[in-house]
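Text of the file input_26.txt, holding compact mmCIF, C-alpha atoms and all ligand atoms:
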```
# COMPACT_ATOMS: atom_id res chain seq x y z
CA MET A 28 51.08 2.10 10.17
CA LEU A 29 47.81 2.75 12.00
CA ARG A 30 46.29 6.13 11.47
CA ARG A 31 44.04 7.60 14.08
CA PRO A 32 40.37 7.48 12.92
CA SER A 33 39.14 10.96 12.12
CA LEU A 34 35.61 10.24 13.32
CA SER A 35 34.52 9.06 16.72
CA CYS A 36 32.46 5.86 16.89
CA ARG A 37 29.42 7.94 17.66
CA GLU A 38 29.99 10.13 14.64
CA PHE A 39 30.59 7.11 12.47
CA GLN A 40 27.34 5.53 13.63
CA HIS A 41 25.54 8.77 12.96
CA HIS A 42 26.60 8.52 9.31
CA HIS A 43 26.25 4.76 9.06
CA VAL A 44 22.82 4.67 7.41
CA GLU A 45 23.97 6.79 4.52
CA TYR A 46 27.35 5.08 4.46
CA VAL A 47 25.73 1.69 3.90
CA ASP A 48 23.42 3.18 1.27
CA GLY A 49 26.33 4.81 -0.56
CA LEU A 50 24.85 8.26 -0.15
CA LEU A 51 27.70 10.07 1.56
CA SER A 52 29.71 12.75 -0.12
CA GLY A 53 33.38 12.07 -0.82
CA GLU A 54 34.94 13.63 2.24
CA VAL A 55 32.61 12.13 4.83
CA ARG A 56 32.72 8.79 3.09
CA ARG A 57 36.51 8.77 3.22
CA ALA A 58 36.38 9.65 6.91
CA CYS A 59 34.05 6.70 7.47
CA ASP A 60 36.35 4.38 5.48
CA LEU A 61 39.17 5.54 7.63
CA HIS A 62 37.24 4.98 10.82
CA LEU A 63 36.31 1.45 9.78
CA ALA A 64 39.90 0.62 8.98
CA GLY A 65 40.91 1.54 12.51
CA CYS A 66 37.92 0.44 14.60
CA ALA A 67 37.25 -3.27 14.94
CA SER A 68 34.02 -2.75 16.82
CA CYS A 69 32.41 -0.49 14.20
CA ALA A 70 33.77 -2.71 11.44
CA ALA A 71 32.07 -5.75 12.98
CA ARG A 72 28.81 -3.87 13.37
CA ASP A 73 29.02 -2.65 9.79
CA VAL A 74 29.48 -6.17 8.45
CA GLN A 75 26.71 -7.52 10.64
CA ILE A 76 24.24 -4.95 9.38
CA ARG A 77 25.18 -5.38 5.75
CA ARG A 78 24.82 -9.14 6.00
CA ALA A 79 21.51 -8.81 7.81
CA LEU A 80 20.14 -6.55 5.09
CA LEU A 81 21.10 -9.15 2.49
CA THR A 82 18.85 -11.69 4.17
CA LEU A 83 15.83 -9.57 3.28
CA GLN A 84 16.14 -11.01 -0.20
CA VAL A 85 14.62 -14.27 1.01
CA LEU A 86 11.31 -12.57 1.66
CA PRO A 87 8.84 -13.52 -1.05
CA GLU A 88 6.80 -10.91 -2.86
CA ILE A 89 3.14 -11.47 -2.24
CA SER A 90 0.40 -10.86 -4.78
CA PRO A 91 -3.17 -9.73 -4.25
CA SER A 92 -5.62 -12.58 -3.81
CA ALA A 93 -7.80 -13.72 -6.68
CA HIS A 94 -10.80 -11.68 -5.55
CA PHE A 95 -8.94 -8.54 -4.62
CA ARG A 96 -9.80 -6.67 -7.80
CA ALA A 97 -13.41 -7.74 -7.93
CA ARG A 98 -13.89 -6.61 -4.34
CA LEU A 99 -12.18 -3.34 -5.08
CA ASN A 100 -14.35 -2.72 -8.11
CA VAL A 101 -17.47 -3.24 -6.04
CA ARG A 102 -16.25 -0.78 -3.44
CA LEU A 103 -15.19 1.78 -6.02
CA ALA A 104 -18.53 1.49 -7.77
CA ALA A 105 -20.23 2.01 -4.42
CA GLU A 106 -18.06 5.05 -3.89
CA ALA A 107 -18.99 6.45 -7.30
CA SER A 108 -22.62 5.82 -6.59
CA ARG A 109 -22.36 7.40 -3.15
CA ARG A 110 -20.88 10.50 -4.71
CA ALA A 111 -23.67 10.64 -7.22
CA LEU A 112 -26.20 10.56 -4.39
CA THR A 113 -24.31 12.99 -2.18
CA PHE A 114 -23.65 15.45 -4.99
CA PRO A 115 -26.62 15.08 -7.31
CA GLY A 116 -25.76 16.33 -10.75
CA ALA A 117 -22.07 16.13 -10.09
CA PHE A 118 -21.59 13.94 -13.10
CA HIS A 119 -24.24 15.58 -15.22
CA ASP A 120 -22.06 17.50 -17.55
CA SER A 121 -22.25 17.75 -21.28
CA ARG A 122 -19.92 14.84 -21.78
CA ARG A 123 -21.80 12.48 -19.50
CA PRO A 124 -25.48 13.27 -19.72
CA ASP A 125 -26.55 9.97 -18.26
CA ALA A 126 -23.59 9.31 -16.08
CA ARG A 127 -25.65 8.83 -12.95
CA TRP A 128 -27.38 5.86 -14.44
CA TRP A 129 -24.05 4.76 -15.68
CA ILE A 130 -22.73 4.77 -12.14
CA VAL A 131 -25.66 2.68 -11.01
CA ALA A 132 -24.94 0.33 -13.88
CA SER A 133 -21.33 0.14 -12.91
CA ALA A 134 -22.19 -0.58 -9.30
CA LEU A 135 -24.60 -3.31 -10.28
CA ALA A 136 -22.15 -4.74 -12.77
CA ALA A 137 -19.38 -4.91 -10.25
CA SER A 138 -21.70 -6.43 -7.66
CA ALA A 139 -22.95 -9.00 -10.09
CA ALA A 140 -19.43 -9.78 -11.21
CA LEU A 141 -18.34 -10.36 -7.66
CA LEU A 142 -21.31 -12.51 -6.82
CA ALA A 143 -20.94 -14.55 -9.99
CA LEU A 144 -17.19 -14.97 -10.04
CA ALA A 145 -16.18 -15.13 -6.45
CA PRO A 146 -17.10 -17.93 -4.12
CA GLY A 147 -16.65 -15.20 -1.59
CA ARG A 148 -14.43 -14.54 1.32
CA PRO A 149 -15.66 -15.47 4.72
CA ALA A 150 -18.37 -13.10 5.85
CA ALA A 151 -16.21 -12.05 8.74
CA VAL A 152 -13.71 -10.41 6.45
CA SER A 153 -15.89 -9.11 3.65
CA PRO A 154 -16.08 -5.37 3.24
CA ALA A 155 -19.08 -4.38 5.24
CA GLY A 156 -22.25 -4.40 3.21
CA SER A 157 -20.84 -3.55 -0.15
CA ALA A 158 -22.91 -4.76 -3.03
CA PRO A 159 -26.39 -5.09 -1.56
CA VAL A 160 -26.21 -1.66 0.01
CA VAL A 161 -25.34 -0.09 -3.30
CA ALA A 162 -28.28 -1.71 -5.00
CA GLN A 163 -30.63 -0.76 -2.21
CA ALA A 164 -29.53 2.82 -2.10
CA THR A 165 -29.67 3.40 -5.79
CA VAL A 166 -33.08 1.86 -6.20
CA ALA A 167 -34.67 3.72 -3.33
CA PRO A 168 -32.59 6.61 -2.08
CA SER A 169 -33.95 8.02 1.13
CA PRO A 170 -33.61 11.66 2.21
CA ALA A 171 -31.01 10.57 4.72
CA PRO A 172 -28.62 8.24 2.89
CA PRO A 173 -28.04 4.85 4.48
CA ALA A 174 -25.23 4.84 6.96
CA ALA A 175 -23.06 2.69 4.74
CA LEU A 176 -23.20 5.33 2.06
CA LYS A 177 -22.28 8.22 4.29
CA GLY A 178 -18.85 6.82 4.93
CA PRO A 179 -16.67 4.55 2.91
CA VAL A 180 -17.48 0.90 2.88
CA SER A 181 -15.22 -0.22 5.61
CA GLY A 182 -12.86 -3.10 5.11
CA ALA A 183 -12.71 -3.71 8.83
CA ARG A 184 -13.70 -7.12 9.95
CA ALA A 185 -17.09 -7.58 11.48
CA GLY A 186 -16.88 -7.82 15.21
CA SER A 187 -13.60 -6.00 15.43
CA SER A 188 -13.44 -2.80 17.32
CA ARG A 189 -11.74 -0.96 14.52
CA ALA A 190 -13.44 2.29 13.80
CA ALA A 191 -14.80 2.86 10.32
CA PRO A 192 -12.61 5.24 8.36
CA ARG A 193 -13.84 8.81 8.19
CA PHE A 194 -13.67 11.39 5.44
CA GLU A 195 -10.79 13.36 6.75
CA ALA A 196 -8.47 15.58 4.82
CA LEU A 197 -5.53 13.70 3.41
CA PRO A 198 -1.98 14.92 3.29
CA GLY A 199 -0.95 16.10 -0.13
CA THR A 200 -4.37 17.29 -1.18
CA VAL A 201 -5.30 20.79 -2.17
CA PRO A 202 -7.90 22.51 0.02
CA LEU A 203 -11.54 21.84 -0.63
CA GLY A 204 -13.06 24.32 -2.95
CA ARG A 205 -14.32 23.86 -6.42
CA ALA A 206 -12.06 20.93 -7.06
CA PRO A 207 -13.65 18.73 -9.70
CA LEU A 208 -15.10 15.45 -8.60
CA PRO A 209 -13.52 12.36 -10.01
CA PRO A 210 -15.41 10.86 -12.89
CA PRO A 211 -17.38 7.73 -12.28
CA LEU A 212 -15.39 4.61 -12.04
CA SER A 213 -14.12 2.48 -14.81
CA GLY A 214 -14.93 -1.19 -14.80
CA VAL A 215 -18.38 -0.68 -16.22
CA ARG A 216 -19.28 -3.44 -18.54
CA LEU A 217 -21.04 -2.85 -21.77
CA GLN A 218 -23.40 -5.75 -21.20
CA THR A 219 -24.69 -4.10 -18.06
CA VAL A 220 -25.48 -0.91 -19.90
CA THR A 221 -27.30 -3.03 -22.42
CA TYR A 222 -29.16 -4.71 -19.57
CA LEU A 223 -30.33 -1.38 -18.21
CA GLY A 224 -31.33 -0.24 -21.63
CA GLN A 225 -33.65 -3.19 -22.12
CA MET B 11 -27.00 5.53 -23.22
CA ARG B 12 -25.14 2.67 -24.87
CA GLN B 13 -23.27 5.00 -27.13
CA SER B 14 -22.13 7.15 -24.25
CA ALA B 15 -20.99 4.18 -22.20
CA VAL B 16 -18.87 3.00 -25.07
CA LYS B 17 -17.28 6.42 -25.34
CA LEU B 18 -16.67 6.58 -21.64
CA GLN B 19 -15.04 3.25 -21.40
CA PRO B 20 -12.61 2.66 -24.21
CA ARG B 21 -11.44 -0.89 -23.76
CA SER B 22 -9.32 -1.42 -26.84
CA PRO B 23 -5.85 -2.84 -26.22
CA SER B 24 -4.22 0.05 -28.02
CA ARG B 25 -5.98 2.61 -25.81
CA ARG B 26 -4.90 0.67 -22.77
CA ALA B 27 -1.33 0.58 -24.03
CA GLU B 28 -1.48 4.35 -24.50
CA LEU B 29 -2.58 4.77 -20.91
CA GLN B 30 0.10 2.43 -19.66
CA ALA B 31 2.70 4.61 -21.30
CA LEU B 32 1.62 7.59 -19.18
CA ASP B 33 3.32 8.43 -15.90
CA ASP B 34 1.31 8.49 -12.70
CA ASN B 35 0.51 12.17 -12.69
CA GLN B 36 -0.56 12.06 -16.33
CA LEU B 37 -2.87 9.19 -15.45
CA VAL B 38 -4.38 11.27 -12.67
CA THR B 39 -5.02 14.12 -15.09
CA SER B 40 -6.41 11.73 -17.63
CA PHE B 41 -8.77 10.21 -15.06
CA LEU B 42 -9.97 13.59 -13.91
CA ASN B 43 -10.65 14.48 -17.53
CA GLY B 44 -12.97 11.53 -17.82
CA THR B 45 -10.77 8.64 -18.94
CA THR B 46 -12.02 6.26 -16.34
CA ASN B 47 -9.67 3.43 -17.30
CA ALA B 48 -6.78 5.54 -16.13
CA PHE B 49 -7.70 4.64 -12.57
CA ASP B 50 -7.44 0.94 -13.44
CA ILE B 51 -3.90 1.49 -14.60
CA LEU B 52 -3.03 3.20 -11.33
CA VAL B 53 -4.47 0.24 -9.45
CA ASP B 54 -2.51 -2.17 -11.66
CA ARG B 55 0.61 -0.22 -10.94
CA TYR B 56 0.29 0.01 -7.19
CA GLN B 57 -1.75 -2.89 -5.87
CA SER B 58 1.12 -5.34 -5.40
CA ARG B 59 3.62 -2.77 -4.20
CA LEU B 60 1.22 -1.41 -1.63
CA LEU B 61 0.15 -4.85 -0.56
CA ASN B 62 3.73 -5.88 0.12
CA PHE B 63 4.45 -2.67 1.96
CA VAL B 64 1.34 -2.85 4.13
CA TYR B 65 1.74 -6.58 4.71
CA ARG B 66 5.32 -6.14 5.91
CA THR B 67 4.20 -3.31 8.14
CA VAL B 68 1.12 -4.87 9.73
CA GLY B 69 2.16 -8.52 9.40
CA ASP B 70 -1.29 -9.78 8.47
CA ARG B 71 -1.96 -10.53 4.86
CA GLU B 72 -5.74 -10.49 4.88
CA ARG B 73 -5.87 -7.27 6.81
CA ALA B 74 -3.24 -5.83 4.47
CA GLU B 75 -5.56 -6.49 1.54
CA ASP B 76 -8.39 -4.71 3.32
CA LEU B 77 -6.17 -1.76 4.01
CA VAL B 78 -4.90 -1.55 0.45
CA GLN B 79 -8.50 -1.54 -0.74
CA GLU B 80 -9.10 1.35 1.61
CA VAL B 81 -6.08 3.14 0.15
CA PHE B 82 -7.55 2.99 -3.33
CA ILE B 83 -10.95 4.13 -2.10
CA ARG B 84 -9.36 7.15 -0.48
CA VAL B 85 -7.28 7.89 -3.53
CA TYR B 86 -10.39 7.72 -5.66
CA ARG B 87 -12.28 9.93 -3.28
CA HIS B 88 -9.59 12.58 -2.94
CA LEU B 89 -7.94 12.42 -6.33
CA ALA B 90 -9.50 15.65 -7.50
CA ARG B 91 -7.77 17.42 -4.64
CA PHE B 92 -4.40 15.74 -5.08
CA ASP B 93 -1.74 18.39 -5.48
CA GLN B 94 -0.35 17.48 -8.87
CA GLY B 95 2.84 19.35 -8.18
CA LYS B 96 3.71 16.39 -5.96
CA LYS B 97 4.65 12.85 -6.74
CA PHE B 98 1.66 10.53 -6.89
CA SER B 99 3.66 7.59 -5.53
CA THR B 100 4.62 9.55 -2.44
CA TRP B 101 1.02 10.53 -1.90
CA ILE B 102 -0.38 7.03 -2.23
CA TYR B 103 2.31 5.60 0.05
CA THR B 104 1.54 8.31 2.56
CA ILE B 105 -2.08 7.21 2.62
CA ALA B 106 -1.04 3.57 2.95
CA SER B 107 1.45 4.45 5.62
CA ASN B 108 -1.15 6.34 7.66
CA LEU B 109 -3.63 3.51 7.42
CA ALA B 110 -1.00 0.99 8.47
CA LYS B 111 -0.01 3.21 11.36
CA ASN B 112 -3.63 3.52 12.49
CA GLU B 113 -4.00 -0.22 12.22
CA LEU B 114 -1.01 -0.77 14.49
CA ARG B 115 -2.30 1.83 16.92
CA ASN B 116 -5.70 0.14 17.07
CA ARG B 117 -4.02 -3.17 17.68
CA ALA B 118 -2.06 -1.77 20.54
CA ARG B 119 -5.39 -0.89 22.10
CA ASN B 120 -6.76 -4.31 21.26
CA PRO B 121 -4.05 -6.89 21.81
CA LEU B 122 -6.42 -9.84 21.70
CA VAL B 123 -7.61 -9.05 18.18
CA TYR B 124 -4.00 -8.62 17.18
CA PHE B 125 -2.96 -11.93 18.68
CA GLN B 126 -5.78 -13.83 16.97
CA THR B 127 -4.94 -12.21 13.67
CA MET B 128 -1.27 -12.98 13.92
CA THR B 129 -1.71 -16.61 14.86
CA SER B 130 -4.10 -17.15 11.96
CA THR B 131 -1.48 -15.62 9.68
CA TRP B 132 1.20 -17.92 10.99
CA GLU B 133 -0.94 -20.96 10.33
CA ASP B 134 -1.57 -19.75 6.84
CA GLU B 135 2.12 -19.34 6.27
CA ASP B 136 2.87 -22.89 7.28
CA ARG B 137 1.88 -24.08 3.83
CA PRO B 138 4.65 -25.23 1.47
CA LEU B 139 6.54 -22.30 0.05
CA GLU B 140 5.87 -21.57 -3.58
CA PHE B 141 8.96 -19.53 -4.08
CA GLU B 142 11.34 -22.31 -3.23
CA ASP B 143 13.20 -24.11 -5.95
CA SER B 144 11.70 -27.59 -6.07
CA THR B 145 14.96 -29.05 -7.37
CA ALA B 146 16.91 -27.86 -4.35
CA ARG B 147 17.98 -30.37 -1.70
CA PRO B 148 15.58 -30.78 1.21
CA ASP B 149 18.05 -29.31 3.71
CA ASP B 150 18.48 -26.27 1.46
CA ALA B 151 14.74 -25.80 1.44
CA PHE B 152 14.62 -26.27 5.17
CA GLU B 153 17.39 -23.79 5.78
CA ARG B 154 15.90 -21.30 3.41
CA ARG B 155 12.55 -21.62 5.07
CA HIS B 156 14.08 -21.26 8.48
CA LEU B 157 15.89 -18.15 7.35
CA ARG B 158 12.75 -16.71 5.84
CA GLU B 159 10.84 -17.26 9.06
CA LEU B 160 13.58 -15.65 11.04
CA VAL B 161 13.73 -12.67 8.71
CA GLU B 162 9.96 -12.24 8.76
CA ALA B 163 9.96 -12.45 12.52
CA GLY B 164 12.84 -9.98 12.59
CA VAL B 165 10.83 -7.43 10.64
CA ARG B 166 7.75 -8.04 12.75
CA ARG B 167 9.61 -7.63 15.99
CA LEU B 168 10.82 -4.14 15.20
CA PRO B 169 8.92 -1.41 17.03
CA ALA B 170 6.11 -0.15 14.79
CA HIS B 171 7.57 3.27 13.98
CA HIS B 172 10.96 1.72 13.21
CA ARG B 173 9.41 -1.06 11.17
CA GLN B 174 7.55 1.36 8.94
CA VAL B 175 10.68 3.27 8.05
CA PHE B 176 12.66 0.04 7.69
CA VAL B 177 10.14 -1.50 5.29
CA LEU B 178 9.85 1.67 3.22
CA ARG B 179 13.59 1.85 2.84
CA GLU B 180 14.77 -1.75 2.68
CA LEU B 181 11.87 -3.39 0.93
CA GLU B 182 10.32 -0.54 -1.01
CA GLY B 183 13.50 1.28 -1.86
CA ARG B 184 12.10 4.70 -0.99
CA SER B 185 14.42 7.65 -0.51
CA TYR B 186 14.89 9.19 2.95
CA GLU B 187 13.12 12.32 1.76
CA GLU B 188 10.12 10.37 0.53
CA ILE B 189 9.98 8.40 3.77
CA ALA B 190 10.10 11.63 5.73
CA GLU B 191 7.13 12.92 3.79
CA MET B 192 5.24 9.63 3.97
CA THR B 193 5.68 9.23 7.69
CA ASN B 194 5.45 12.92 8.53
CA CYS B 195 8.87 12.93 10.21
CA ASN B 196 11.93 15.02 9.60
CA LEU B 197 14.95 13.60 7.79
CA GLY B 198 16.98 13.24 10.97
CA THR B 199 14.26 11.13 12.57
CA VAL B 200 14.05 8.93 9.49
CA LYS B 201 17.79 8.27 9.50
CA SER B 202 17.89 7.69 13.21
CA ARG B 203 14.96 5.25 13.10
CA LEU B 204 16.50 3.46 10.17
CA ASN B 205 19.80 3.21 11.99
CA ARG B 206 18.18 1.70 15.06
CA ALA B 207 15.93 -0.56 13.03
CA ARG B 208 18.87 -1.94 11.06
CA ALA B 209 20.85 -2.61 14.19
CA ALA B 210 17.89 -4.29 15.91
CA PHE B 211 17.10 -6.35 12.84
CA ALA B 212 20.72 -7.44 12.48
CA GLU B 213 20.70 -8.57 16.08
CA ILE B 214 17.55 -10.62 15.55
CA VAL B 215 18.76 -12.44 12.43
CA ARG B 216 22.33 -12.90 13.66
CA PRO B 217 21.80 -16.55 14.69
CA ALA B 218 21.08 -17.42 11.07
CA MET B 219 24.21 -15.83 9.69
ZN ZN A 301 34.18 2.93 15.89
```
Translate this structure into structure tokens?
Ligand SMILES: [Zn+2]
Amino acid sequence: MLRRPSLSCREFQHHHVEYVDGLLSGEVRRACDLHLAGCASCAARDVQIRRALLTLQVLPEISPSAHFRARLNVRLAAEASRRALTFPGAFHDSRRPDARWWIVASALAASAALLALAPGRPAAVSPAGSAPVVAQATVAPSPAPPAALKGPVSGARAGSSRAAPRFEALPGTVPLGRAPLPPPLSGVRLQTVTYLGQ
Amino acid sequence: MRQSAVKLQPRSPSRRAELQALDDNQLVTSFLNGTTNAFDILVDRYQSRLLNFVYRTVGDRERAEDLVQEVFIRVYRHLARFDQGKKFSTWIYTIASNLAKNELRNRARNPLVYFQTMTSTWEDEDRPLEFEDSTARPDDAFERRHLRELVEAGVRRLPAHHRQVFVLRELEGRSYEEIAEMTNCNLGTVKSRLNRARAAFAEIVRPAM
């Protein structure tokens, strides 16, 4: 005996996302079951979508490239160093009396690590002026910081028209005030500190 | 100086294991309190996930890496102002999502750059597939590869705002509520985009089923 579906096709489709994901409450779910049992068109669509979603399993997971982390460390060190220049004394608290030099060390270490370890990505896709700029700026900071240190080191390809990212407020952050600055970056290597100490 | 650097940067395996046991928000607190390695753990935790998400959204692997780097830079820069009452994962995906969205918007203004990028990605993807079972029969491998290409194309062909929601849900397993927050949409919009994206995707991959 065929029972009349309690939902229209439109209503069923409205609930379909949650129906497929198993997120509907008992009553609505039963109404959807009922609709499917009596509507060949929605049943076919339901099967088609479920089967299509299964095919997503063939997509391989990709991993970061070999130099991803080294590049990131260089950029983070540059960021730490930029902060030290922009907010002098920001890291000069009782726990980190020489943290500014430490940041410089970390920047140089990361730069050196990248230069030594990585054959390098093509210049066209390297983050714009990362390591050399850091070294330059820390050795001879000018009253007006170099442009590359005012903004983040952009990952945009050279020659592309993509605008360099700006320091805008991010969603999910608390308003600017006396929020503490992040500490300088990890990734510093002891040997670099030793090098500076020599 | 040396002494202080050693204190700042505890590198012992046991310390690292301690950090790895912390949840994201505890790592944030720990980092802000001066445990610099805590940021490394956050990067470890999110680099692959974000890369896959951004790659599936923008369709260009190299550019996805650049964008994920930018995500971590922004996280580092703004971490002190992160509202710790919220979930760190939602926050970092929101940043990634915004950057991916900007990337797609810039491409729409610059179709030539986009085209060149995409074709170079396709060439790169023509290499033999590492994930395939080498013991499988050649036709299996062929079919699997064909299916993979179709599925990848299916995701790429979705309109950008549908694709973002689709990837967050189907590949990243994010909840509707999280997606709403990440994409700055209301729940109804998320469900409706997901509904349309699923239907469009199913239509695209139908020949392979
Ligand atoms: Zn129906």
Using all atoms listed in the file, find each protein or nucleic acid residue lying at most 12 Å from ligand ZN 301 (chain A); present the set as a PDB file with C-alpha atoms, in the coordinates of the input.
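Result went into result20.pdb, see below:
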```
ATOM      1  CA  ARG A  31      44.040   7.600  14.080  1.00  0.00           C
ATOM      2  CA  PRO A  32      40.370   7.480  12.920  1.00  0.00           C
ATOM      3  CA  SER A  33      39.140  10.960  12.120  1.00  0.00           C
ATOM      4  CA  LEU A  34      35.610  10.240  13.320  1.00  0.00           C
ATOM      5  CA  SER A  35      34.520   9.060  16.720  1.00  0.00           C
ATOM      6  CA  CYS A  36      32.460   5.860  16.890  1.00  0.00           C
ATOM      7  CA  ARG A  37      29.420   7.940  17.660  1.00  0.00           C
ATOM      8  CA  GLU A  38      29.990  10.130  14.640  1.00  0.00           C
ATOM      9  CA  PHE A  39      30.590   7.110  12.470  1.00  0.00           C
ATOM     10  CA  GLN A  40      27.340   5.530  13.630  1.00  0.00           C
ATOM     11  CA  HIS A  41      25.540   8.770  12.960  1.00  0.00           C
ATOM     12  CA  HIS A  42      26.600   8.520   9.310  1.00  0.00           C
ATOM     13  CA  HIS A  43      26.250   4.760   9.060  1.00  0.00           C
ATOM     14  CA  ALA A  58      36.380   9.650   6.910  1.00  0.00           C
ATOM     15  CA  CYS A  59      34.050   6.700   7.470  1.00  0.00           C
ATOM     16  CA  ASP A  60      36.350   4.380   5.480  1.00  0.00           C
ATOM     17  CA  LEU A  61      39.170   5.540   7.630  1.00  0.00           C
ATOM     18  CA  HIS A  62      37.240   4.980  10.820  1.00  0.00           C
ATOM     19  CA  LEU A  63      36.310   1.450   9.780  1.00  0.00           C
ATOM     20  CA  ALA A  64      39.900   0.620   8.980  1.00  0.00           C
ATOM     21  CA  GLY A  65      40.910   1.540  12.510  1.00  0.00           C
ATOM     22  CA  CYS A  66      37.920   0.440  14.600  1.00  0.00           C
ATOM     23  CA  ALA A  67      37.250  -3.270  14.940  1.00  0.00           C
ATOM     24  CA  SER A  68      34.020  -2.750  16.820  1.00  0.00           C
ATOM     25  CA  CYS A  69      32.410  -0.490  14.200  1.00  0.00           C
ATOM     26  CA  ALA A  70      33.770  -2.710  11.440  1.00  0.00           C
ATOM     27  CA  ALA A  71      32.070  -5.750  12.980  1.00  0.00           C
ATOM     28  CA  ARG A  72      28.810  -3.870  13.370  1.00  0.00           C
ATOM     29  CA  ASP A  73      29.020  -2.650   9.790  1.00  0.00           C
TER      30      ASP A  73
END
```
For a cut-off of 9 Å around (23.3, -0.3, 3.7), file coordinates, pick out all residues using only C-alpha atoms and list them as a compact mmCIF listing (two decimals) with C-alpha atoms, in the frame of the given file.
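Saved the output as result.txt:
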```
# COMPACT_ATOMS: atom_id res chain seq x y z
CA HIS A 43 26.25 4.76 9.06
CA VAL A 44 22.82 4.67 7.41
CA GLU A 45 23.97 6.79 4.52
CA TYR A 46 27.35 5.08 4.46
CA VAL A 47 25.73 1.69 3.90
CA ASP A 48 23.42 3.18 1.27
CA GLY A 49 26.33 4.81 -0.56
CA ASP A 73 29.02 -2.65 9.79
CA ILE A 76 24.24 -4.95 9.38
CA ARG A 77 25.18 -5.38 5.75
CA LEU A 80 20.14 -6.55 5.09
CA GLU B 180 14.77 -1.75 2.68
CA ARG B 208 18.87 -1.94 11.06
```
Handout entry: Gap from CA of His171 in chain B to CA of Tyr186 in chain B - Å, one decimal
Key =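 Between CA of His171 in chain B and CA of Tyr186 in chain B the gap is 14.5 Å.
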Problem - Distance in Å - CA of Met192 in chain B versus CA of Leu160 in chain B - result: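 If I compute the distance from CA of Met192 in chain B to CA of Leu160 in chain B, I get 27.5 Å.
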Problem - Residue nearest Ala170 in chain B among B:Val215, B:Leu114, B:Cys195, B:Leu204 (counting all atoms listed in the file) - result: B:Leu114
Practice task
Find the spatial neighbours of Glu113 in chain B, counting only C-alpha atoms, within a cut-off of 9 Å - ignore same-chain residues fewer than 3 positions away - and output them as a list in words.
Solution key: Arg189 of chain A; Val68, Leu77, Asn108, Leu109, Ala110, Asn116, Arg117 and Ala118 of chain B
Problem - Between CA of Asn205 in chain B and CA of Arg115 in chain B - distance in Å to one decimal - result: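 It comes out at 22.7 Å.
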Using all atoms listed in the file, I'd like a table of the residues in chain B that come within 6 Å of chain A; for each, show the closest atom pair and its distance in Å rounded to one decimal, ordered by chain and ascending number, as a tab-separated table.
```
residue	atom	partner	partner_atom	distance
B:Leu42	CA	A:Pro209	CA	5.4
B:Gly44	CA	A:Pro210	CA	5.5
B:Thr46	CA	A:Ser213	CA	4.6
B:Asn47	CA	A:Ser213	CA	5.2
B:Ser58	CA	A:Ser90	CA	5.6
B:Asp76	CA	A:Gly182	CA	5.1
B:Gln79	CA	A:Leu99	CA	6.0
B:Ala90	CA	A:Pro207	CA	5.6
B:Arg91	CA	A:Thr200	CA	4.9
B:Phe92	CA	A:Thr200	CA	4.2
B:Asp93	CA	A:Thr200	CA	5.2
B:Arg158	CA	A:Val85	CA	5.7
B:Asn205	CA	A:Val44	CA	5.7
B:Ala212	CA	A:Ala79	CA	4.9
```
Problem - Among the residues B:Val78, B:Leu178, B:Ile105, B:Ile214, the one that comes closest to Glu159 in chain B [using only C-alpha atoms] - result: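 Closest to Glu159 in chain B of all the choices is B:Ile214.
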Fill in the blank from the handout: From the list B:Lys97, B:Arg87, B:Arg55, B:Arg73, the nearest residue to Gln30 in chain B using only C-alpha atoms is B:Arg55
Exercise for the section: Can you work out which one of B:Phe98, B:Tyr86, B:Tyr103, B:Phe152 has the shortest atom-to-atom distance to Asn62 in chain B, counting all atoms listed in the file? Expected result: B:Tyr103
As an mmCIF file, in the frame of the given file, please: range 53-58 of chain A completed to N, CA, C and O atoms.
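And here's selection-v1.cif as it stands now:
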```
data_model
loop_
_atom_site.group_PDB
_atom_site.id
_atom_site.type_symbol
_atom_site.label_atom_id
_atom_site.label_comp_id
_atom_site.auth_asym_id
_atom_site.auth_seq_id
_atom_site.Cartn_x
_atom_site.Cartn_y
_atom_site.Cartn_z
ATOM 1 N N GLY A 53 32.008 12.590 -0.826
ATOM 2 C CA GLY A 53 33.380 12.070 -0.820
ATOM 3 C C GLY A 53 34.126 12.202 0.497
ATOM 4 O O GLY A 53 34.656 11.216 1.014
ATOM 5 N N GLU A 54 34.102 13.386 1.062
ATOM 6 C CA GLU A 54 34.940 13.630 2.240
ATOM 7 C C GLU A 54 34.449 12.832 3.453
ATOM 8 O O GLU A 54 35.240 12.192 4.155
ATOM 9 N N VAL A 55 33.158 12.868 3.682
ATOM 10 C CA VAL A 55 32.610 12.130 4.830
ATOM 11 C C VAL A 55 32.765 10.631 4.618
ATOM 12 O O VAL A 55 33.068 9.883 5.547
ATOM 13 N N ARG A 56 32.577 10.214 3.373
ATOM 14 C CA ARG A 56 32.720 8.790 3.090
ATOM 15 C C ARG A 56 34.155 8.326 3.385
ATOM 16 O O ARG A 56 34.363 7.280 3.995
ATOM 17 N N ARG A 57 35.105 9.133 2.966
ATOM 18 C CA ARG A 57 36.510 8.770 3.220
ATOM 19 C C ARG A 57 36.795 8.729 4.724
ATOM 20 O O ARG A 57 37.497 7.843 5.212
ATOM 21 N N ALA A 58 36.200 9.652 5.448
ATOM 22 C CA ALA A 58 36.380 9.650 6.910
ATOM 23 C C ALA A 58 35.800 8.383 7.518
ATOM 24 O O ALA A 58 36.370 7.803 8.443
#
```
